[in-house]
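In what follows, a single structure is set out as structure tokens and then discussed.
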2 protein chains.
Amino acid sequence: MYGYMGKILRVDLTRGEVKVEEVKEGFYRKFIGGAGLAAKIIFDEVGPGVDPLSPENRLVFAVGPYQGTRAPGSGRWIAAARSPLTGIWADSCAGGAWGPEFKKTGFDALIVQGRAEKPVYIWIKDGEVEIRDASHFWGMDSYEAHDAIIKELGEPKAKVATIGQAGENLVRIACIMSDKHAFAGRCGLGAVMGSKNLKAVAVRGTKEVEVAEPGKLEELCKELYPKIAEGAAAFGAHGTPFYMPVGYELMGDVPVKYWSQGEFISGIMALGAPRYTEKIFVKKEPCLNCPIGCHRYIKVEKPEKYACEGAGPEYEAIAMFGTNCLVDSLEAVAKANDLCNRYGLDVISAGALVGFAMECYENGWITKNDTGGIELKWGDGDAVVAMVEKIALRKDLGDVLAEGIKRAAEKIGKGAPDIIVHVKGLDIPAHDPRAHLSMAINYATGTRGACHERADPFCMELGLVIPEFGLEKPTDRRSWVGQAFATIKYQDLEGMCDCLIQCKFMAFGGCTVTDKLNLLNAITGWNMSMEEFAKTCERVFNLQRAFDVRMGVSRKDDTLPYKMFKPVHPKHSLIALEPMLNEYYKLRGWDPDGKPTREKLVELGLEDVARVLYG
Amino acid sequence: MYGYMGKILRVDLTRGEVKVEEVKEGFYRKFIGGAGLAAKIIFDEVGPGVDPLSPENRLVFAVGPYQGTRAPGSGRWIAAARSPLTGIWADSCAGGAWGPEFKKTGFDALIVQGRAEKPVYIWIKDGEVEIRDASHFWGMDSYEAHDAIIKELGEPKAKVATIGQAGENLVRIACIMSDKHAFAGRCGLGAVMGSKNLKAVAVRGTKEVEVAEPGKLEELCKELYPKIAEGAAAFGAHGTPFYMPVGYELMGDVPVKYWSQGEFISGIMALGAPRYTEKIFVKKEPCLNCPIGCHRYIKVEKPEKYACEGAGPEYEAIAMFGTNCLVDSLEAVAKANDLCNRYGLDVISAGALVGFAMECYENGWITKNDTGGIELKWGDGDAVVAMVEKIALRKDLGDVLAEGIKRAAEKIGKGAPDIIVHVKGLDIPAHDPRAHLSMAINYATGTRGACHERADPFCMELGLVIPEFGLEKPTDRRSWVGQAFATIKYQDLEGMCDCLIQCKFMAFGGCTVTDKLNLLNAITGWNMSMEEFAKTCERVFNLQRAFDVRMGVSRKDDTLPYKMFKPVHPKHSLIALEPMLNEYYKLRGWDPDGKPTREKLVELGLEDVARVLYG
């Protein structure tokens, strides 16, 4: 079979057992790989009774047909599980080189279940699997553990995906780090690793991925690499921080003061491009097979308290720790980001939690008694940095925040539950739905909660449409009309990117849906039609939604928080979510409660899912 | 027991049986009367398996503590059942003199169940009950039947509530008429009468209602009558048509072209006050005990085709048949209204259906083949009049429309289901939620669907607040903030008006909540506190909601139609329903799906209801 290794590895940490399962081509053609593959496994094996932090949860690492080939943007992998942060579907995608390396060991996915008695890590080398003691790595931060494991293995070419202390401490916003610059950030999958006593997964593979039409693939790559590099030049030049002044200027699309304030020009200018590039940028640190190279390697020397070096903050981090906390010190933001990298925290949720805590502090709902003496004032970089550490180590208020925004707000009480900005427990990232109404319906319906990676239809404002799926022209960002349709197309396509797996930024460089399908066909030899491709995208999205529905999600959860209905920037609009939701369900073929109908599931070839949902 | 007769009459038309049931004072204190009393009976006796047009449905006629006393605005009665139009809770309130007369026969309510073999009417005289043949009245219009029954009985003082042909024909928007100028209009309760082969209920009572403190009551009345008359002088002078230019000017609160157009000044000027008064007004026709006298007796002589005489159109009728259909002929509107009165149709839903049909016709979704040759063009008064008749008699397209807006749109297909303007199957009346956002959350959550009578919080714009319930000042009509709270207070209070029963217009004249409670206490001697009163209001509303929940209503149904999210008048605002809904549920103590929690039901003393809903 072309494009796949045909095998899934299953590791039961409770029993110390390793199994290899064979997979047929029909299965791949239906779910493609990555998030699609993982969704099928997790839907089948994880019911609503399974606590996300219990041994019964499944943690799936997966890749897709692009990994191990030279397809542009293919230096990626995903992790998936039932989320300890949200209780619903979670997949989290990262770049680097771990993904292709993993695939070359001979597997398309790794399923981890059970819980090891003591800390362990999994070592996979060309099909050989070992569960190894990790007691001596426990307590290390992610960078330390990464280097120490490679050293212990004596395999300088091994790639390591690991957690820091946050994952060990079951912090519900803990991430998984790979390659020292790639993060499976969202939904707390690092805590799932921690709950299994699994510190890391190290891989080294030299097996080749067989490609159906190598010549055709090479031809496509030759065309695409320069096209993407040129088309996404701004990304290459400044990384994602290029977006901060652009998004702010175009749409007011930057969170300020935990979403309560409109303007913060000084912060925007201090944190985004070009100041970022001038002040802290050292070099690009591209993922494997990337024509763009948006990842930054940065260095801060002064002030000393913020000194740090390594993977630099992306747009999300400078927004969530910066403007969101009224902080205009790029160095403080870089430091907070660096601590997240090392401790292993999702920068988006961490920044959201700190902004939230600052608002609580301002309102007197928490005091210095709670924070361990920190004056949690807006704009205070020191406070931000200190709080990141407290969350990772569960110190003082950090222990409360470590439970995630919803549980933290409940615990703090008073007005706290009314000010939190999340959907289904996942903090809204630094793209404001008031800036582009498509993001409102996207956040409300996203299968892992509020996420700009599972769909970013605000990019219509940058001209990005999807004609192959019938989205010929951008919507009006201020009007709800047409947003449901556009969002569905974006969600379907970008969900598919997490199956193939391809970095979504390739699209900015002009890698079209046709290109993606051509790559897939060249690799697999399937000669898949655009129609089948679109249906496959839809299948995967509905499967994830079905998982959520099984976990209790319904229309009541497809909502937005209070603050989102109050425009604060002159370019913001009032969100009319209801008509978008009604239209969305209709277009999706879901019932008015947001449940995929039996007919829709059957149409998508998900009869077994229909049986679970409808009996 | 003061203020009540202590007895409920039950008539089983299948068996031809009459029973009298005694009621204890505690029951009244809990549910007061009218819609509260009926809600308890219907909740207990009508489950989700009962087809509204089947013999198993219950049709309850009820009055409250005010009836039979001189309390201002007490010339009222209600009918209630599971609605054949919406499938959920339905109560429909009418004025006139039937209510007090019924009470004086010795009953607080009449429950009708079963189905007579042949057409019958019920005759109640001072406790004596007869089921009489009505075959010779079947086919008569409501005015004819009214007069013929009184004549047959030889009781010139008898009061008659009857249906016209529409009710006989099971038209799902059929009303019940009493006193030739009072209509229990909404939700199709006339069809429930028709389904039971019940043409009319005639009553003559001379029993006295015992009042706890007659002196106190008289004192209150002496104060209230002139106060209300003066405060509601505009209502008295011009009837409800006074509102048309006012609401339009203040808020754009008049439907135009089936809610698709903003301005229609010529229609507003031609239909509303003062032209209405100048052109067709003959005399006031006040309900019993009314200090205002808003009901109009009108006469049209020319053009001959529109000649008519009798109860005149109210604001709702001139809006729904007039501006809503782009008709600016007051005479045509009066004729359409007169036909509704006689055939027994709800003018609001009838006007909505005609407007809807005109839009379908314009779009080519229906043609002359469907309409029986009528050119259903916007603004054509002849077409409106013709369509009313067709609906009542189920001719041509009228047979489709007679099924109500939702079923009709499904039947017509094409784009029709997307343009209909209703909530839960009940057509939105002539108050636009885009004009005052409180009406959006009110319509979405009303226990009988979209209704301005079950709450009219847009009256905050006219200065009406409810300080006794904590609503001290009006909200900003253009903002969603605070609307949920205000609407709840309005809903609770106005739901209570239908229990007491008191005409809601008394409030315009300054009859405050305190006044209402004072009247209740003077009549019953209960010395009820404002706190208990407020709790009682809440209890009744929750009981009705519980009925709806049992019928399948949830958050998915608490929505608004597509058109409502598109402002069309310069004074309209975009509706942000979602945050209002979230706030509303929270304030109500309902879960995020809109279901009253077990705790809330128990707190309200509705343990038995909680058992039904939660097992």
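The chains in the structure tokens are called A, B, ... from first to last as shown; in each chain the residues are counted from 1, and the ligands are counted from 1 in the order shown.
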
With 10 Å as the limit and counting only C-alpha atoms, what residues in chain B lie close to chain A? Please list them as a PyMOL selection string. chain B and resi 418+479-481+554-566+573-583+591-594

Which residues are near region 299-308 of chain B? Cut-off 12 Å, only C-alpha atoms, ignore same chain within fewer than 2 positions. Put them as a VMD selection string. chain B and resid 276 to 283 296 to 297 310 to 313 329 to 342 381 to 386

Would you save the residues from that selection as an mmCIF file, in the first residue's frame, using C-alpha atoms?
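Writing done, so here's result.cif:
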```cif
data_model
loop_
_atom_site.group_PDB
_atom_site.id
_atom_site.type_symbol
_atom_site.label_atom_id
_atom_site.label_comp_id
_atom_site.auth_asym_id
_atom_site.auth_seq_id
_atom_site.Cartn_x
_atom_site.Cartn_y
_atom_site.Cartn_z
ATOM 1 C CA TYR B 276 -58.904 55.249 11.777
ATOM 2 C CA THR B 277 -60.969 57.251 14.221
ATOM 3 C CA GLU B 278 -61.978 59.773 11.599
ATOM 4 C CA LYS B 279 -62.925 57.261 8.939
ATOM 5 C CA ILE B 280 -64.459 54.120 10.416
ATOM 6 C CA PHE B 281 -64.936 54.568 14.168
ATOM 7 C CA VAL B 282 -68.546 54.550 15.329
ATOM 8 C CA LYS B 283 -68.444 54.012 19.064
ATOM 9 C CA ARG B 296 -63.991 49.926 18.736
ATOM 10 C CA TYR B 297 -67.281 49.401 17.005
ATOM 11 C CA GLY B 310 -69.055 45.380 14.124
ATOM 12 C CA ALA B 311 -65.945 44.902 16.240
ATOM 13 C CA GLY B 312 -63.247 46.958 14.596
ATOM 14 C CA PRO B 313 -59.687 45.965 13.806
ATOM 15 C CA SER B 329 -56.711 50.719 2.464
ATOM 16 C CA LEU B 330 -58.256 50.934 5.920
ATOM 17 C CA GLU B 331 -61.521 49.676 4.491
ATOM 18 C CA ALA B 332 -59.968 46.534 3.057
ATOM 19 C CA VAL B 333 -58.261 45.878 6.377
ATOM 20 C CA ALA B 334 -61.520 46.415 8.258
ATOM 21 C CA LYS B 335 -63.235 43.950 5.936
ATOM 22 C CA ALA B 336 -60.537 41.317 6.384
ATOM 23 C CA ASN B 337 -60.812 41.814 10.114
ATOM 24 C CA ASP B 338 -64.575 41.536 10.009
ATOM 25 C CA LEU B 339 -64.352 38.263 8.105
ATOM 26 C CA CYS B 340 -61.929 36.934 10.714
ATOM 27 C CA ASN B 341 -64.361 37.900 13.448
ATOM 28 C CA ARG B 342 -67.212 36.148 11.772
ATOM 29 C CA GLY B 381 -56.759 44.588 -0.537
ATOM 30 C CA ASP B 382 -59.096 42.390 -2.553
ATOM 31 C CA ALA B 383 -56.589 39.584 -2.473
ATOM 32 C CA VAL B 384 -56.245 39.877 1.300
ATOM 33 C CA VAL B 385 -59.980 39.735 1.840
ATOM 34 C CA ALA B 386 -60.339 36.806 -0.547
#
```

Within 12 Å of Tyr28 (chain A) using only C-alpha atoms, minus same-chain residues under 4 positions, as an mmCIF file with C-alpha atoms, in the first residue's frame:
```cif
data_model
loop_
_atom_site.group_PDB
_atom_site.id
_atom_site.type_symbol
_atom_site.label_atom_id
_atom_site.label_comp_id
_atom_site.auth_asym_id
_atom_site.auth_seq_id
_atom_site.Cartn_x
_atom_site.Cartn_y
_atom_site.Cartn_z
ATOM 1 C CA MET A 1 0.000 0.000 0.000
ATOM 2 C CA TYR A 2 1.380 3.401 -0.975
ATOM 3 C CA GLY A 3 1.733 6.348 1.390
ATOM 4 C CA TYR A 4 1.145 4.343 4.555
ATOM 5 C CA MET A 5 3.054 1.891 6.701
ATOM 6 C CA GLY A 6 -0.101 -0.156 7.236
ATOM 7 C CA LYS A 7 0.506 -0.669 10.933
ATOM 8 C CA ILE A 8 -0.606 0.827 14.185
ATOM 9 C CA GLU A 22 -2.502 -4.205 10.747
ATOM 10 C CA VAL A 23 -4.651 -1.710 8.922
ATOM 11 C CA LYS A 24 -6.314 -2.127 5.552
ATOM 12 C CA ILE A 32 -6.869 9.425 5.696
ATOM 13 C CA GLY A 33 -4.626 9.610 8.768
ATOM 14 C CA GLY A 34 -3.692 11.915 11.645
ATOM 15 C CA ALA A 35 -6.766 13.374 13.308
ATOM 16 C CA GLY A 36 -9.146 11.263 11.209
ATOM 17 C CA LEU A 37 -7.444 8.033 12.103
ATOM 18 C CA ALA A 38 -7.212 9.028 15.750
ATOM 19 C CA LYS A 40 -11.979 6.648 14.671
ATOM 20 C CA VAL A 63 0.689 10.840 11.174
ATOM 21 C CA GLY A 64 -0.793 10.793 7.697
ATOM 22 C CA PRO A 65 0.065 10.039 4.080
ATOM 23 C CA ASP A 108 0.995 5.321 11.102
ATOM 24 C CA ALA A 109 -0.105 5.700 14.696
ATOM 25 C CA CYS A 499 -5.316 14.161 8.589
ATOM 26 C CA LEU A 500 -2.952 14.480 5.637
ATOM 27 C CA LEU A 520 -2.473 12.842 -1.876
ATOM 28 C CA THR A 524 -1.374 6.990 -2.584
ATOM 29 C CA TRP A 526 -5.907 6.545 -5.321
ATOM 30 C CA THR A 536 -13.916 12.609 3.377
ATOM 31 C CA VAL A 540 -13.874 13.304 9.675
#
```

If we count only C-alpha atoms, what is near region 11-19 of chain A at a cut-off of 7 Å, once residues fewer than 4 positions away on the same chain are taken out, given as a list in words?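 Within the cut-off, the hits are Ile111, Val112, Gln113, Gly114, Arg115 and Ala116 of chain A.
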
Could you pull out the alpha helix (DSSP H) residues of region 47-112 of chain A, going by DSSP on the backbone, and write them as a list in words?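 Secondary structure check on region 47-112 of chain A, alpha helix (DSSP H): Trp98, Gly99, Pro100, Glu101, Phe102 and Lys103 of chain A.
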
Hey, what's within 8 Å of Asn197 (chain A) if we count only C-alpha atoms and toss same-chain stuff fewer than 5 positions away? As a PyMOL selection string, please? chain A and resi 115-120+168

What is the CA of Ala39 (chain A)-CA of Val465 (chain A) distance in Å, reported with one decimal? 26.8 Å

Surrounding residues of Glu155 (chain B) excluding itself and chain neighbours under 5 positions, 9 Å, only C-alpha atoms, as a list in words: Ile149, Ile150 and Arg204 of chain B

Close residues, Ala409 (chain B) itself excluded, 10 Å, only C-alpha atoms, min 4 positions apart in chain, as a list in words: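 Neighbouring residues, sequence-local ones excluded: Leu353, Phe356, Ala357, Cys360, Val400, Leu401, Glu403, Gly404, Ile405, Gly413, Lys414, Gly415, Ala416, Pro417, Asp418, Ile419 and Ile420 of chain B.
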
Nearest to Phe485 (chain B) by atom-to-atom distance, counting only C-alpha atoms, from B:Tyr361, B:Phe458, B:Phe547, B:Phe469: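 The answer is B:Phe469, which sits nearest to Phe485 (chain B).
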
So, with only C-alpha atoms as the atoms that count, which of B:Val160, B:Gly379, B:Cys221, B:Asn169 lies closest to Lys257 (chain B)?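 Closest to Lys257 (chain B) of all the choices is B:Gly379.
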
Report, in Å to a single decimal, how far apart CA of Pro286 (chain A) and CA of Lys207 (chain A) are.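 We find that CA of Lys207 (chain A) and CA of Pro286 (chain A) lie 23.0 Å from each other.
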
Just give me the gap between CA of Pro474 (chain B) and CA of Lys227 (chain B) in Å, one decimal is fine.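 Atom-to-atom, CA of Pro474 (chain B) to CA of Lys227 (chain B), that is 22.2 Å.
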